[in-house]
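Raw contents of data-v9.csv, CSV, C-alpha atoms and all ligand atoms:
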chain,number,residue,atom,x,y,z
A,644,MET,CA,0.0,0.0,0.0
A,645,ARG,CA,1.0,3.6,-0.3
A,646,TYR,CA,-0.3,7.0,0.9
A,647,VAL,CA,-2.2,9.0,-1.7
A,648,SER,CA,-3.4,12.5,-0.9
A,649,THR,CA,-7.2,13.0,-1.3
A,650,LYS,CA,-6.8,15.4,-4.2
A,651,HIS,CA,-5.0,12.7,-6.2
A,652,LEU,CA,-7.5,9.9,-5.4
A,653,LYS,CA,-9.5,8.4,-8.3
A,654,PRO,CA,-12.8,6.5,-8.4
A,655,GLY,CA,-11.9,2.8,-8.3
A,656,ASP,CA,-8.8,3.2,-6.0
A,657,LYS,CA,-8.8,0.5,-3.4
A,658,LEU,CA,-8.4,1.3,0.3
A,659,GLY,CA,-5.2,-0.2,1.7
A,660,ALA,CA,-6.2,0.0,5.4
A,661,ASP,CA,-9.4,0.5,7.4
A,662,LEU,CA,-10.3,4.1,7.7
A,663,VAL,CA,-11.1,4.7,11.4
A,664,ALA,CA,-12.8,7.8,12.6
A,665,SER,CA,-13.1,9.1,16.2
A,666,HIS,CA,-14.4,6.7,18.8
A,667,ASN,CA,-12.9,3.8,16.8
A,668,ARG,CA,-15.7,3.9,14.3
A,669,VAL,CA,-14.7,2.3,11.0
A,670,LEU,CA,-15.8,4.6,8.2
A,671,LEU,CA,-14.6,2.4,5.3
A,672,ARG,CA,-13.0,-1.0,5.3
A,673,LYS,CA,-9.7,-2.1,3.8
A,674,GLY,CA,-10.3,-3.3,0.2
A,675,ARG,CA,-13.2,-1.0,-0.4
A,676,GLU,CA,-13.3,0.6,-3.9
A,677,LEU,CA,-13.7,4.4,-3.6
A,678,THR,CA,-16.4,6.1,-5.6
A,679,ARG,CA,-16.4,9.8,-6.6
A,680,SER,CA,-18.9,10.6,-3.8
A,681,MET,CA,-16.8,8.8,-1.1
A,682,ILE,CA,-13.8,10.8,-2.3
A,683,ASN,CA,-15.8,14.1,-2.0
A,684,LYS,CA,-17.0,13.1,1.5
A,685,LEU,CA,-13.4,12.4,2.6
A,686,GLU,CA,-12.5,15.9,1.4
A,687,ILE,CA,-15.3,17.5,3.3
A,688,LEU,CA,-14.4,15.6,6.5
A,689,GLY,CA,-10.8,17.0,6.1
A,690,TYR,CA,-8.9,13.8,5.3
A,691,GLN,CA,-5.7,14.9,3.7
A,692,GLY,CA,-5.1,11.4,2.2
A,693,VAL,CA,-5.6,7.7,2.7
A,694,TYR,CA,-3.6,4.5,2.2
A,695,VAL,CA,-4.5,2.7,-1.1
A,696,ASP,CA,-3.5,-0.7,-2.5
A,697,ASP,CA,-2.5,-0.3,-6.1
A,698,LYS,CA,-0.2,-1.8,-8.7
A,699,ILE,CA,2.9,0.3,-8.0
A,700,SER,CA,2.8,-0.4,-4.3
A,701,GLU,CA,2.2,-4.1,-4.7
A,702,GLY,CA,3.7,-6.2,-1.9
A,703,LEU,CA,4.6,-3.1,0.1
A,704,ASP,CA,3.8,-3.4,3.8
A,705,ILE,CA,4.1,-0.3,5.9
A,706,GLN,CA,5.0,-0.8,9.5
A,707,ASP,CA,4.2,1.6,12.2
A,708,VAL,CA,6.1,2.2,15.4
A,709,ILE,CA,2.9,1.5,17.4
A,710,ASP,CA,0.1,-0.9,16.8
A,711,PRO,CA,-2.9,0.7,15.1
A,712,ARG,CA,-5.2,-0.7,17.8
A,713,LEU,CA,-3.2,1.0,20.5
A,714,LYS,CA,-3.3,4.2,18.5
A,715,HIS,CA,-7.1,4.1,18.2
A,716,ALA,CA,-7.5,3.3,21.9
A,717,ALA,CA,-5.1,6.1,22.9
A,718,ARG,CA,-6.9,8.6,20.7
A,719,ALA,CA,-10.3,7.7,22.0
A,720,GLU,CA,-9.0,8.0,25.6
A,721,MET,CA,-7.5,11.4,25.0
A,722,GLN,CA,-10.7,12.6,23.4
A,723,ALA,CA,-12.7,11.5,26.4
A,724,PHE,CA,-10.1,13.1,28.8
A,725,PHE,CA,-10.1,16.4,27.0
A,726,ARG,CA,-13.9,16.5,26.9
A,727,ASN,CA,-13.9,16.0,30.7
A,728,VAL,CA,-11.4,18.8,31.2
A,729,GLU,CA,-13.4,21.1,28.9
A,730,THR,CA,-16.7,20.5,30.6
A,731,ASN,CA,-15.1,20.9,34.0
A,732,ARG,CA,-15.7,17.3,35.0
A,733,ILE,CA,-12.5,17.2,37.1
A,734,HIS,CA,-13.5,14.0,39.0
A,735,GLN,CA,-14.0,12.1,35.8
A,736,ALA,CA,-10.8,13.5,34.2
A,737,ARG,CA,-8.9,12.4,37.3
A,738,LYS,CA,-10.3,8.9,37.1
A,739,ARG,CA,-8.9,8.6,33.6
A,740,ILE,CA,-5.3,9.1,34.7
A,741,PRO,CA,-4.7,5.3,35.5
A,742,THR,CA,-5.9,4.4,32.0
A,743,ILE,CA,-3.8,7.1,30.4
A,744,ARG,CA,-0.8,5.8,32.4
A,745,SER,CA,-1.3,2.3,31.1
A,746,ILE,CA,-1.5,3.7,27.5
A,747,VAL,CA,1.7,5.6,28.2
A,748,HIS,CA,3.4,2.4,29.2
A,749,SER,CA,2.2,0.5,26.2
A,750,ILE,CA,3.3,3.3,23.8
A,751,VAL,CA,6.8,3.4,25.4
A,752,ASP,CA,7.1,-0.4,25.4
A,753,GLU,CA,6.2,-0.7,21.8
A,754,VAL,CA,8.4,2.2,20.6
A,755,VAL,CA,11.3,0.7,22.5
A,756,ALA,CA,10.7,-2.8,21.1
A,757,ASN,CA,10.5,-1.3,17.6
A,758,ARG,CA,13.4,1.0,18.0
A,759,ASP,CA,14.9,0.1,14.6
A,760,ILE,CA,11.7,1.2,12.7
A,761,MET,CA,11.6,4.7,11.2
A,762,ILE,CA,8.5,6.7,11.3
A,763,ASN,CA,6.8,5.8,8.0
A,764,ILE,CA,3.1,6.1,8.7
A,765,ILE,CA,1.5,9.3,7.7
A,766,ASP,CA,-1.3,9.9,10.1
A,767,ILE,CA,-4.8,9.6,8.6
A,768,ARG,CA,-7.2,12.0,10.3
A,769,ALA,CA,-10.1,14.3,9.8
A,770,TYR,CA,-10.4,17.9,10.9
A,771,ASP,CA,-12.3,17.2,14.1
A,772,ASP,CA,-9.8,14.7,15.4
A,773,TYR,CA,-7.0,17.3,15.4
A,774,THR,CA,-6.5,17.8,19.1
A,775,TYR,CA,-6.6,14.1,20.0
A,776,SER,CA,-4.5,12.9,17.1
A,777,HIS,CA,-2.1,15.8,17.7
A,778,SER,CA,-1.5,14.9,21.3
A,779,LEU,CA,-1.0,11.2,20.4
A,780,ASN,CA,1.4,12.0,17.5
A,781,VAL,CA,3.4,14.4,19.6
A,782,ALA,CA,3.7,11.7,22.3
A,783,VAL,CA,4.9,9.1,19.8
A,784,LEU,CA,7.3,11.5,18.1
A,785,SER,CA,8.6,12.5,21.6
A,786,VAL,CA,9.2,9.0,22.8
A,787,VAL,CA,10.9,8.1,19.5
A,788,MET,CA,13.3,11.0,19.9
A,789,GLY,CA,13.7,10.2,23.5
A,790,THR,CA,15.0,6.7,22.6
A,791,VAL,CA,17.6,8.3,20.2
A,792,LEU,CA,18.6,10.6,23.1
A,793,GLY,CA,19.3,7.5,25.2
A,794,LEU,CA,16.5,8.1,27.9
A,795,GLY,CA,15.6,5.1,30.1
A,796,LYS,CA,12.1,3.8,30.4
A,797,LYS,CA,11.2,5.7,33.5
A,798,GLN,CA,12.2,8.9,31.8
A,799,LEU,CA,10.3,8.0,28.7
A,800,TYR,CA,7.1,7.4,30.7
A,801,ALA,CA,7.2,10.9,32.1
A,802,LEU,CA,8.1,12.4,28.8
A,803,THR,CA,5.2,10.6,27.0
A,804,MET,CA,2.7,11.5,29.7
A,805,GLY,CA,3.8,15.1,29.5
A,806,ALA,CA,3.6,15.1,25.7
A,807,LEU,CA,0.1,13.5,25.7
A,808,LEU,CA,-1.1,16.3,28.0
A,809,HIS,CA,1.0,19.2,26.7
A,810,ASP,CA,-1.9,21.1,25.3
A,811,ALA,CA,-4.4,20.4,28.1
A,812,GLY,CA,-4.5,24.2,28.6
A,813,LYS,CA,-6.1,24.7,25.2
A,814,MET,CA,-9.3,23.3,26.6
A,815,PHE,CA,-9.6,26.7,28.4
A,816,ILE,CA,-9.2,28.8,25.3
A,817,LYS,CA,-12.2,29.9,23.2
A,818,LYS,CA,-12.9,27.6,20.3
A,819,GLU,CA,-13.4,30.6,17.9
A,820,ILE,CA,-9.8,31.6,18.5
A,821,LEU,CA,-8.3,28.1,18.4
A,822,ASN,CA,-10.0,27.3,15.1
A,823,LYS,CA,-9.8,30.7,13.5
A,824,PRO,CA,-9.2,30.3,9.8
A,825,SER,CA,-7.5,33.7,9.4
A,826,ARG,CA,-4.6,35.5,11.1
A,827,LEU,CA,-4.9,36.1,14.8
A,828,THR,CA,-5.0,39.6,16.2
A,829,PRO,CA,-2.3,40.4,18.7
A,830,GLU,CA,-4.9,40.1,21.6
A,831,GLU,CA,-6.0,36.7,20.3
A,832,PHE,CA,-2.4,35.5,20.1
A,833,GLU,CA,-1.9,36.7,23.7
A,834,GLU,CA,-4.9,34.6,24.8
A,835,ILE,CA,-3.6,31.5,23.0
A,836,LYS,CA,-0.2,32.0,24.7
A,837,THR,CA,-1.9,31.5,28.1
A,838,HIS,CA,-2.5,27.8,27.4
A,839,SER,CA,1.0,26.8,28.6
A,840,GLU,CA,0.5,28.2,32.1
A,841,LEU,CA,-3.2,27.2,32.3
A,842,GLY,CA,-2.4,23.6,31.4
A,843,TYR,CA,0.5,23.4,33.8
A,844,ARG,CA,-1.6,24.9,36.6
A,845,TYR,CA,-4.5,22.5,35.9
A,846,LEU,CA,-2.3,19.5,35.8
A,847,SER,CA,-0.5,20.6,39.0
A,848,ASP,CA,-3.7,21.3,40.9
A,849,GLN,CA,-5.9,18.5,39.6
A,850,MET,CA,-3.9,15.6,38.3
A,851,GLU,CA,-1.6,13.2,40.0
A,852,ILE,CA,1.2,12.9,37.5
A,853,PRO,CA,5.0,13.5,37.9
A,854,GLU,CA,6.2,17.1,37.9
A,855,GLU,CA,8.5,16.3,34.9
A,856,ALA,CA,5.4,15.5,32.9
A,857,ARG,CA,3.6,18.7,33.9
A,858,ILE,CA,6.6,20.8,33.1
A,859,VAL,CA,6.1,19.8,29.4
A,860,ALA,CA,2.9,21.7,29.3
A,861,LEU,CA,4.7,24.8,30.7
A,862,HIS,CA,7.8,24.6,28.6
A,863,HIS,CA,6.7,23.3,25.2
A,864,HIS,CA,6.5,26.8,23.6
A,865,GLU,CA,9.8,28.0,25.0
A,866,GLN,CA,12.5,28.4,22.3
A,867,TYR,CA,16.1,27.3,22.6
A,868,CYS,CA,17.2,30.9,21.8
A,869,GLY,CA,15.0,32.4,24.4
A,870,LYS,CA,12.3,33.9,22.2
A,871,GLY,CA,9.5,31.6,23.2
A,872,TYR,CA,6.8,31.9,25.9
A,873,PRO,CA,5.7,32.1,28.6
A,874,ALA,CA,9.0,32.8,30.4
A,875,GLY,CA,11.4,33.3,27.5
A,876,LEU,CA,13.7,30.7,29.0
A,877,SER,CA,16.7,29.6,26.8
A,878,GLY,CA,19.0,26.6,26.4
A,879,ASP,CA,19.1,24.0,29.1
A,880,ASP,CA,16.9,26.2,31.4
A,881,ILE,CA,14.1,24.7,29.3
A,882,HIS,CA,13.4,21.2,30.6
A,883,LEU,CA,14.7,18.6,28.3
A,884,TYR,CA,11.2,17.1,27.9
A,885,GLY,CA,9.9,20.5,27.0
A,886,ARG,CA,12.6,20.9,24.3
A,887,VAL,CA,11.7,17.5,22.9
A,888,CYS,CA,8.0,18.2,22.9
A,889,CYS,CA,8.6,21.5,21.2
A,890,VAL,CA,10.2,19.8,18.1
A,891,ALA,CA,7.5,17.1,18.0
A,892,ASP,CA,4.7,19.7,18.3
A,893,VAL,CA,6.0,21.9,15.5
A,894,TYR,CA,6.7,18.8,13.2
A,895,ASP,CA,3.2,17.4,13.7
A,896,ALA,CA,1.5,20.8,13.3
A,897,LEU,CA,3.4,21.4,10.0
A,898,THR,CA,2.4,18.0,8.6
A,899,SER,CA,-1.3,18.5,9.4
A,900,ASP,CA,-3.9,20.5,7.6
A,901,ARG,CA,-4.9,23.4,9.7
A,902,PRO,CA,-7.8,25.9,9.3
A,903,TYR,CA,-5.3,28.5,8.1
A,904,ARG,CA,-3.0,26.5,5.9
A,905,LYS,CA,-2.5,23.2,4.1
A,906,SER,CA,-0.1,20.5,5.4
A,907,MET,CA,3.5,20.2,4.4
A,908,LEU,CA,5.2,17.0,3.1
A,909,PRO,CA,7.6,15.4,5.6
A,910,SER,CA,10.6,16.5,3.5
A,911,ASP,CA,9.4,20.2,3.7
A,912,ALA,CA,8.6,20.0,7.4
A,913,ILE,CA,12.1,18.6,8.1
A,914,GLU,CA,13.6,21.4,6.1
A,915,TYR,CA,11.6,24.0,8.1
A,916,ILE,CA,12.7,22.5,11.4
A,917,MET,CA,16.4,22.4,10.2
A,918,GLY,CA,16.0,26.2,9.6
A,919,GLY,CA,15.4,26.5,13.4
A,920,TYR,CA,18.5,24.5,14.3
A,921,ASP,CA,20.2,26.1,17.3
A,922,THR,CA,17.6,29.0,17.4
A,923,HIS,CA,14.0,27.8,17.8
A,924,PHE,CA,15.1,24.2,18.5
A,925,ASP,CA,17.8,22.4,20.5
A,926,PRO,CA,20.1,21.1,17.8
A,927,ARG,CA,20.6,17.7,19.5
A,928,ILE,CA,16.8,17.1,19.3
A,929,VAL,CA,16.6,18.2,15.7
A,930,ASP,CA,19.4,15.6,15.0
A,931,ALA,CA,17.3,13.0,16.9
A,932,LEU,CA,14.2,13.8,14.8
A,933,THR,CA,16.1,13.6,11.5
A,934,ARG,CA,17.4,10.1,12.3
A,935,LYS,CA,13.9,8.8,12.7
A,936,ILE,CA,11.8,10.6,10.2
A,937,ALA,CA,12.3,9.8,6.6
A,938,PRO,CA,11.7,12.7,4.3
A,939,TYR,CA,10.5,10.1,1.7
A,940,PRO,CA,8.5,7.5,3.8
A,941,VAL,CA,8.0,4.0,2.5
A,942,GLY,CA,5.4,4.0,-0.2
A,943,THR,CA,6.4,7.5,-1.6
A,944,TYR,CA,6.4,7.6,-5.4
A,945,VAL,CA,9.4,9.6,-6.5
A,946,HIS,CA,11.3,11.0,-9.5
A,947,LEU,CA,14.9,10.0,-9.8
A,948,SER,CA,17.6,12.2,-11.4
A,949,ASN,CA,18.2,9.5,-14.1
A,950,GLY,CA,14.6,10.2,-15.4
A,951,GLN,CA,13.1,7.0,-13.9
A,952,LYS,CA,10.2,6.8,-11.4
A,953,ALA,CA,10.4,4.6,-8.4
A,954,ILE,CA,8.6,3.7,-5.1
A,955,VAL,CA,10.4,3.9,-1.8
A,956,VAL,CA,10.6,0.5,-0.1
A,957,LYS,CA,13.1,0.9,2.7
A,958,ASN,CA,14.7,3.7,4.6
A,959,TYR,CA,18.0,3.8,6.5
A,960,GLN,CA,18.5,5.9,9.7
A,961,GLU,CA,22.1,6.6,8.8
A,962,ASN,CA,21.2,8.0,5.3
A,963,ILE,CA,17.7,9.3,5.3
A,964,LEU,CA,17.8,11.0,1.9
A,965,ARG,CA,18.9,7.8,0.1
A,966,PRO,CA,16.4,5.0,0.6
A,967,LYS,CA,16.1,1.7,-1.3
A,968,VAL,CA,13.6,2.1,-4.2
A,969,ARG,CA,11.9,-0.1,-6.7
A,970,ILE,CA,11.8,1.1,-10.3
A,971,ILE,CA,8.3,1.7,-11.8
A,972,ALA,CA,8.0,1.6,-15.6
A,973,ASP,CA,4.7,2.5,-17.4
A,974,GLY,CA,2.8,2.4,-14.2
A,975,GLU,CA,4.0,-1.1,-13.4
A,976,PRO,CA,6.5,-2.3,-10.7
A,977,THR,CA,9.6,-3.9,-12.2
A,978,SER,CA,12.0,-6.3,-10.7
A,979,GLU,CA,14.7,-3.6,-10.6
A,980,TYR,CA,15.6,-2.2,-7.2
A,981,ILE,CA,18.2,0.5,-6.5
A,982,ASN,CA,19.7,0.9,-3.1
A,983,LEU,CA,20.6,4.6,-3.2
A,984,ALA,CA,22.5,4.3,0.1
A,985,TYR,CA,24.6,1.3,-0.7
A,986,ASP,CA,24.8,0.5,-4.4
A,987,MET,CA,28.1,1.8,-5.6
A,988,SER,CA,26.8,2.1,-9.1
A,989,ALA,CA,24.0,4.4,-8.0
A,990,LEU,CA,26.0,7.0,-6.2
A,991,ASN,CA,25.3,9.7,-8.8
A,992,ILE,CA,21.5,9.1,-8.7
A,993,THR,CA,19.4,11.3,-6.4
A,994,ILE,CA,15.7,11.7,-5.6
A,995,THR,CA,14.6,14.9,-7.4
A,996,GLY,CA,10.9,15.1,-6.2
A,997,ILE,CA,7.6,13.4,-5.5
A,998,VAL,CA,5.4,12.2,-8.3
A,999,ASN,CA,2.0,13.9,-8.1
A,1000,GLU,CA,-0.6,11.7,-9.7
B,1101,FE,FE,0.8,24.2,22.7
Using the file provided, produce a representation of the structure as structure tokens.
Amino acid sequence: MRYVSTKHLKPGDKLGADLVASHNRVLLRKGRELTRSMINKLEILGYQGVYVDDKISEGLDIQDVIDPRLKHAARAEMQAFFRNVETNRIHQARKRIPTIRSIVHSIVDEVVANRDIMINIIDIRAYDDYTYSHSLNVAVLSVVMGTVLGLGKKQLYALTMGALLHDAGKMFIKKEILNKPSRLTPEEFEEIKTHSELGYRYLSDQMEIPEEARIVALHHHEQYCGKGYPAGLSGDDIHLYGRVCCVADVYDALTSDRPYRKSMLPSDAIEYIMGGYDTHFDPRIVDALTRKIAPYPVGTYVHLSNGQKAIVVKNYQENILRPKVRIIADGEPTSEYINLAYDMSALNITITGIVNE
């Protein structure tokens, strides 16, 4: 299977994986042939793309760092938790912490067990799932970077818990401002900025979780150079988990469709983050991210500099710009593979772009 953006889907394309909406409801089953009206519906719901099974991606299995069932369970739990916070049901929200803790343990255990896997799965989500999907993605990205940074399991648990709850304070910000499709006024931006402290205070007053987890809510918008908020801390004065969450937060936001802009491709989002190396972001953490996120994930259809087209079949952490690819000719997969990282005869071939069709 491979990821195809909604605008490039055609009637007759076959779904490569179940399409699961909030509350674990299966919208469309794997193998379903899409019709024009289904594609239109996907666009209206805000799906940026889906996985399809087609000729050129034949035999390609895309592995995720965590099991899709765990992902769905975590997303549903975060949705329920945030709803409780938003509606001021403190008691109910507090009662969810043990379940969230066990989800945190499962996420960390799976990521640690799969530490050789790169992040390949592009998250499939609709507009209304953003907050819950975002908190889960930020948690998974954070723990993946945490493993590269050499953190132990106990530290990873606290980091993951903090990352899942980093935006809890947004539940206290007006929806009109959070979802505003146009530029924020300076006053509105000031209001958004209060979510770091509001979240930290709520988690400190109401939730029994470690202080290092709460601090993620307080520090995730601080910038390495000192230009962030709320306190304008810089360098190592920002808690390590806050610095990790900051990179994960920006990466996931850039690769998602937002009311005010379209999503970026992984390759462009990585380039953006590299632009903040040593200023917005801690360089060690940017290095950790770029070891684990492939700019051309498995299943990406690419142009090569020799004029051929190919599909990415494997990525290498030590050389993320040079994956192993399978040559596609006349829309059909061939038996020719090129390992851009290790074939000596392919050293002069590069990926020049992504095929849009
Ligand atoms: Fe935030």
Distance table requested - range 837-916 of chain A against range 680-697 of chain A, cut-off 9 Å, only C-alpha atoms: one row per qualifying residue with the closest atom pair and its distance in Å to one decimal, ordered by chain and rising residue number, as JSON lines.
{"residue": "A:Ser899", "atom": "CA", "partner": "A:Gln691", "partner_atom": "CA", "distance": 8.1}
{"residue": "A:Asp900", "atom": "CA", "partner": "A:Gln691", "partner_atom": "CA", "distance": 7.1}
{"residue": "A:Lys905", "atom": "CA", "partner": "A:Gln691", "partner_atom": "CA", "distance": 8.9}
{"residue": "A:Ser906", "atom": "CA", "partner": "A:Gln691", "partner_atom": "CA", "distance": 8.1}
Item to check | Protein and nucleic acid residues near (5.9, 12.1, 37.2) (cut-off 12 Å, only C-alpha atoms) as a list of chain:residue names | outcome: A:Ile740, A:Arg744, A:Val747, A:Lys797, A:Gln798, A:Leu799, A:Tyr800, A:Ala801, A:Leu802, A:Thr803, A:Met804, A:Gly805, A:Leu846, A:Ser847, A:Met850, A:Glu851, A:Ile852, A:Pro853, A:Glu854, A:Glu855, A:Ala856, A:Arg857, A:Ile858, A:Val859, A:Tyr884
What are the closest atom pairs, with distances in Å to one decimal, for each residue of chain A lying within 7 Å of ligand FE 1101 (chain B), using all atoms listed in the file, rows by chain and rising residue number, as a Markdown table?
| residue | atom | partner | partner_atom | distance |
| --- | --- | --- | --- | --- |
| A:His809 | CA | B:FE1101 | FE | 6.4 |
| A:Asp810 | CA | B:FE1101 | FE | 4.9 |
| A:His838 | CA | B:FE1101 | FE | 6.8 |
| A:Ser839 | CA | B:FE1101 | FE | 6.5 |
| A:His863 | CA | B:FE1101 | FE | 6.5 |
| A:His864 | CA | B:FE1101 | FE | 6.3 |
Checklist entry - CA of Val647 in chain A and CA of Tyr775 in chain A are how many Å apart? => result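 Atom-to-atom, CA of Val647 in chain A and CA of Tyr775 in chain A are spaced 22.7 Å apart.
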Next on the checklist: Using only C-alpha atoms, can you tell me which of A:Arg675, A:Lys650, A:Arg886, A:His734 comes closest to Pro926 in chain A?
Outcome noted: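 For Pro926 in chain A, the nearest of the candidates is A:Arg886.
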Next on the checklist: Give me, as a VMD selection string, all polymer residues having an atom no more than 8 Å from Asn763 in chain A, counting all atoms listed in the file and skipping those fewer than 2 positions away in the same chain.
Outcome noted: chain A and resid 705 to 707 761 765 936 to 937 940 to 941
Expected file contents, prior selection, C-alpha atoms, as an mmCIF file, in the coordinates of the input:
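That gives us out-v4.cif:
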data_model
loop_
_atom_site.group_PDB
_atom_site.id
_atom_site.type_symbol
_atom_site.label_atom_id
_atom_site.label_comp_id
_atom_site.auth_asym_id
_atom_site.auth_seq_id
_atom_site.Cartn_x
_atom_site.Cartn_y
_atom_site.Cartn_z
ATOM 1 C CA ILE A 705 4.100 -0.300 5.900
ATOM 2 C CA GLN A 706 5.000 -0.800 9.500
ATOM 3 C CA ASP A 707 4.200 1.600 12.200
ATOM 4 C CA MET A 761 11.600 4.700 11.200
ATOM 5 C CA ILE A 765 1.500 9.300 7.700
ATOM 6 C CA ILE A 936 11.800 10.600 10.200
ATOM 7 C CA ALA A 937 12.300 9.800 6.600
ATOM 8 C CA PRO A 940 8.500 7.500 3.800
ATOM 9 C CA VAL A 941 8.000 4.000 2.500
#
